[in-house]
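So the structure is just underneath, and the comments pick up after that.
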Amino acid sequence: MSGFDVHLADARRSRSLIFFVAVGAALLLTVGFLISRDQSDPRLSAQAQTDRAEQIETAADTAQPPPSSEATPDDQSRFDTPQAQVMSEHALFTNADVRPEVQSRDVTVRRGQTFASVLADAGADRIDAARAINALDPLFSARLLRAGQDLTLFFETPTASELHLAAATDAPVAETRLAGFSFRPDQERTLTVSRDGDGQFHAREATASLQREVVRVTGEVSSSLYLSAIELGATDRVVFELANILGFAVDFRTVQPGDPFDVVFERFVNSRGETVRTGNILYVVFDGRGEPLEYFRYEMEDGEVGYYTGEGESAQRLLMRMPINGARISSSFGMRFHPVLNRNRPHNGTDFAAPRGTPVMAAGAGIIERANRFGSFGNYVRIRHSNGYETAYAHLNGFASGIRSGSRVQQGQIIAYVGTTGRSTGPHLHYEVHLNGNPTNPMSLDLPTGRRLESDELADFMSARDQLIEIRDSAPPALDATEAAPFLTADNAGDA
C-alpha cells in the first residue's frame, strides 16, 4: 500500500470517529432537552404537573411578606394590611422554579369599569381574562366589583421551554400574559387567582384570624348622641344599631347635652389591635327625657333575637316612630301653611328631610295594600298592620325589590327610597299613621310592645341578663385613654 493510501485510510477513520462522536453528542443533547422539557412543561408529564402544583401550594402556604419597618408578631399578621397580604400572596407567582419572570401592577377600579375591562385595559388577553373571572366566581361575583377597589395584577413572560416549543411549531406567543391577580374585597379576606401550567386559572381565599373583644362606651351626649358615641370608640354600625334599639321609645328630637348613655358591644380585632368589624350590641342604657331605658340582648331557643328590659319586656314596639335613619323632621303633624298650595290645611303626617335615595323602612310588620303612583303623593306605599293600624309613605324615589300590593313585609325591612315625586318641594319622606281610619301623630303614639317573655322563657332570660351584667361590669372602655363619664342605669337612676 502506498503512502497516499495509508493517509487516505487514516482520514476516513478520523471522519468516522468524528461522525460517531457528533451523533452521540446530539443524542445526549436531545435526551437532555426532552428531560428538561418534561420537567418544566406540565403538559408533557402528569408527574411534572403534580410536582408543580405542590410547588405552588408550598410557596403560597410558606410565603412571608418582605421585611418592613413594622414588626409582625406572628404569621397571621400577613393579613393585617392590604400591602402585607398582597405581598404574601405575591409569593405564589414569584417562586423562581415556577414562574421565572413575573411583574406586578397595582390598579384602582374606576367608575363604570367592569372586571373584564379592568383586566383588558391592563393588557390581559380577553380569553385569559374571562377564564380568570370565571375561576373567581365561586368566591366573589364580578358584579360586586365597585369603583375604588384596589387590585394587584400579575403578568408573566413565557418560560424558555415554552418559547422553544412555540418556535419549533411556529405557534404565536405573547411577550407577556396574565398570570393572575389579588385583592381584598373586605378587611378579613384576600382573594387570589393564579394561572397553572395548562393555562387554566384557580382561585384561593385567605382569611385573617380575628380576636373577639367585648368593650364599653360610657359617657354623656355633647353635641349629639352619634358624635359622642363615636368619640368614645363606637363605630357607625354600632350607633346605627343603637338608634334602631332606642328608636321605638326615644324621640331623638328631645335628646339634649348631658343625657347619659352606656353601650356594651362586641368588636373583632386583628393581631395589630386594629378593629376590623363590630358585632352585636349586648347591653344599652339611655337616660333622656322620662324614665331611663335599659335593654339586654337575648336570643331564644328558636334563634329569634331581641332586646328586653330587665323584667323581660321587649324594646320593640308595634310600629317604629321614625322609619328612616339620619333624617330630621322638616314638618310636624297638624295644621300648617302648605308651601305649594299657599294656604293653611291639615298635615296628616310627619315629614323627614333626607337625601334622595335614603332607604325607607317598614314601620312594622304587615301586608302592603298598595305600592304605586298615587296622585299628589307621587310614588306611594301603604301597609296594613295589626290592631287597626295602617302606615303610609309618600314622595318616594322608587320601590325596593319585591315591594308590591299583597306582599308581606317585616318591621325594619327596606321598602322604598326617599325622593321628591308628586307635590313636593324637595327630597323628603312624608310618613302617616292611621288608627282605625283616623290620622294619628306618629311621634306621640303610645304603642304596645312587641312581646313580653313569660314562664320558662323569662327564667332563662333572667339568667342571661345576670351574665350580661357581669360582662358589662368587666368590659374595658373601647378607647384606653377614655375617662368614662358617670352614667345611669335603671337600678341607680333614683340615686343620681
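Ordering of the C-alpha cells sets the chain letters (A, B, ...); residue numbers start at 1 within each chain; ligands are numbered from 1 in the order shown.
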
>> I need the residues of stretch 171-384 of chain A that end up classed as strand (DSSP E) by DSSP on the backbone, written out as JSON, numbers by chain.
In response: {"A": [177, 178, 179, 180, 181, 182, 183, 189, 190, 191, 192, 193, 194, 195, 201, 202, 203, 204, 205, 206, 207, 211, 212, 213, 214, 215, 216, 217, 218, 219, 220, 260, 261, 262, 263, 264, 265, 266, 267, 268, 269, 275, 276, 277, 278, 279, 280, 281, 282, 283, 284, 285, 286, 293, 294, 295, 296, 297, 298, 299, 305, 306, 307, 308, 328, 329, 330, 331, 334, 335, 336, 337, 344, 345, 346, 347, 350, 351, 352, 353, 359, 360, 361, 366, 367, 368, 369, 370, 371, 372, 373, 379, 380, 381, 382, 383, 384]}

>> Run DSSP on the backbone and tell me which residues of stretch 90-295 of chain A come out as alpha helix (DSSP H); list them as a VMD selection string.
In response: chain A and resid 90 to 94 115 to 121 126 to 136 160 to 169 225 to 231 236 to 246

Any idea what's packed within 12 Å of A:Ser444, counting only C-alpha atoms, ignoring anything in its chain fewer than 6 positions away? Could you give it as a PDB file with N, CA, C and O atoms, in the first residue's frame?
```pdb
ATOM      1  N   PHE A 248     -87.757  52.868  69.107  1.00  0.00           N
ATOM      2  CA  PHE A 248     -89.150  52.602  69.435  1.00  0.00           C
ATOM      3  C   PHE A 248     -89.636  53.459  70.600  1.00  0.00           C
ATOM      4  O   PHE A 248     -90.824  53.721  70.732  1.00  0.00           O
ATOM      5  N   ALA A 249     -88.711  53.886  71.464  1.00  0.00           N
ATOM      6  CA  ALA A 249     -89.120  54.595  72.675  1.00  0.00           C
ATOM      7  C   ALA A 249     -88.582  56.013  72.769  1.00  0.00           C
ATOM      8  O   ALA A 249     -89.051  56.794  73.599  1.00  0.00           O
ATOM      9  N   VAL A 250     -87.588  56.364  71.938  1.00  0.00           N
ATOM     10  CA  VAL A 250     -86.930  57.664  72.064  1.00  0.00           C
ATOM     11  C   VAL A 250     -87.293  58.553  70.877  1.00  0.00           C
ATOM     12  O   VAL A 250     -87.176  58.139  69.721  1.00  0.00           O
ATOM     13  N   ASP A 251     -87.726  59.759  71.186  1.00  0.00           N
ATOM     14  CA  ASP A 251     -87.876  60.800  70.168  1.00  0.00           C
ATOM     15  C   ASP A 251     -86.555  61.554  70.147  1.00  0.00           C
ATOM     16  O   ASP A 251     -86.245  62.312  71.074  1.00  0.00           O
ATOM     17  N   LEU A 319     -95.000  49.622  66.083  1.00  0.00           N
ATOM     18  CA  LEU A 319     -94.537  50.463  64.983  1.00  0.00           C
ATOM     19  C   LEU A 319     -93.308  51.259  65.413  1.00  0.00           C
ATOM     20  O   LEU A 319     -93.165  51.596  66.593  1.00  0.00           O
ATOM     21  N   MET A 320     -92.466  51.584  64.445  1.00  0.00           N
ATOM     22  CA  MET A 320     -91.339  52.471  64.694  1.00  0.00           C
ATOM     23  C   MET A 320     -91.814  53.919  64.607  1.00  0.00           C
ATOM     24  O   MET A 320     -92.642  54.261  63.767  1.00  0.00           O
ATOM     25  N   ARG A 321     -91.274  54.750  65.480  1.00  0.00           N
ATOM     26  CA  ARG A 321     -91.622  56.166  65.403  1.00  0.00           C
ATOM     27  C   ARG A 321     -91.046  56.795  64.133  1.00  0.00           C
ATOM     28  O   ARG A 321     -91.696  57.610  63.481  1.00  0.00           O
ATOM     29  N   MET A 322     -89.807  56.436  63.808  1.00  0.00           N
ATOM     30  CA  MET A 322     -89.127  57.015  62.646  1.00  0.00           C
ATOM     31  C   MET A 322     -88.666  55.876  61.738  1.00  0.00           C
ATOM     32  O   MET A 322     -87.701  55.182  62.072  1.00  0.00           O
ATOM     33  N   SER A 332     -94.081  68.908  61.021  1.00  0.00           N
ATOM     34  CA  SER A 332     -94.741  68.063  62.011  1.00  0.00           C
ATOM     35  C   SER A 332     -96.212  67.839  61.678  1.00  0.00           C
ATOM     36  O   SER A 332     -96.782  68.463  60.765  1.00  0.00           O
ATOM     37  N   PHE A 333     -96.824  66.964  62.438  1.00  0.00           N
ATOM     38  CA  PHE A 333     -98.242  66.640  62.292  1.00  0.00           C
ATOM     39  C   PHE A 333     -99.090  67.821  62.760  1.00  0.00           C
ATOM     40  O   PHE A 333     -98.785  68.482  63.740  1.00  0.00           O
ATOM     41  N   GLY A 349     -99.409  63.906  58.552  1.00  0.00           N
ATOM     42  CA  GLY A 349     -98.248  63.061  58.769  1.00  0.00           C
ATOM     43  C   GLY A 349     -97.071  63.864  59.274  1.00  0.00           C
ATOM     44  O   GLY A 349     -97.208  65.022  59.668  1.00  0.00           O
ATOM     45  N   THR A 350     -95.920  63.228  59.246  1.00  0.00           N
ATOM     46  CA  THR A 350     -94.669  63.871  59.638  1.00  0.00           C
ATOM     47  C   THR A 350     -93.704  63.778  58.469  1.00  0.00           C
ATOM     48  O   THR A 350     -93.576  62.713  57.849  1.00  0.00           O
ATOM     49  N   VAL A 433     -99.516  57.713  59.985  1.00  0.00           N
ATOM     50  CA  VAL A 433    -100.037  56.588  60.758  1.00  0.00           C
ATOM     51  C   VAL A 433    -101.542  56.795  60.923  1.00  0.00           C
ATOM     52  O   VAL A 433    -101.975  57.875  61.339  1.00  0.00           O
TER      53      VAL A 433
END
```

>> Using only C-alpha atoms, which protein or nucleic acid residues come within 8 Å of A:Ser405? Drop anything in the same chain fewer than 2 positions from it, and give the result as an MDAnalysis selection string.
In response: chainID A and resid 367:371 403 407

> Any idea what the distance is between atom CA of A:Arg195 and atom CA of A:Ser104?
Replying inline: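 Atom-to-atom, atom CA of A:Arg195 and atom CA of A:Ser104 are spaced 14.1 Å apart.
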
>> What's around A:Gly258 at 8 Å? Count only C-alpha atoms, leave out sequence neighbours fewer than 3 positions away in its own chain, and write the answer as an NGL selection string.
In response: :A and (220-222)

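Of the residues listed (A:Arg423, A:Val360, A:Ile324, A:Asn436), A:Asn436 shows the shortest atom-to-atom separation from A:Arg384; distances use only C-alpha atoms.
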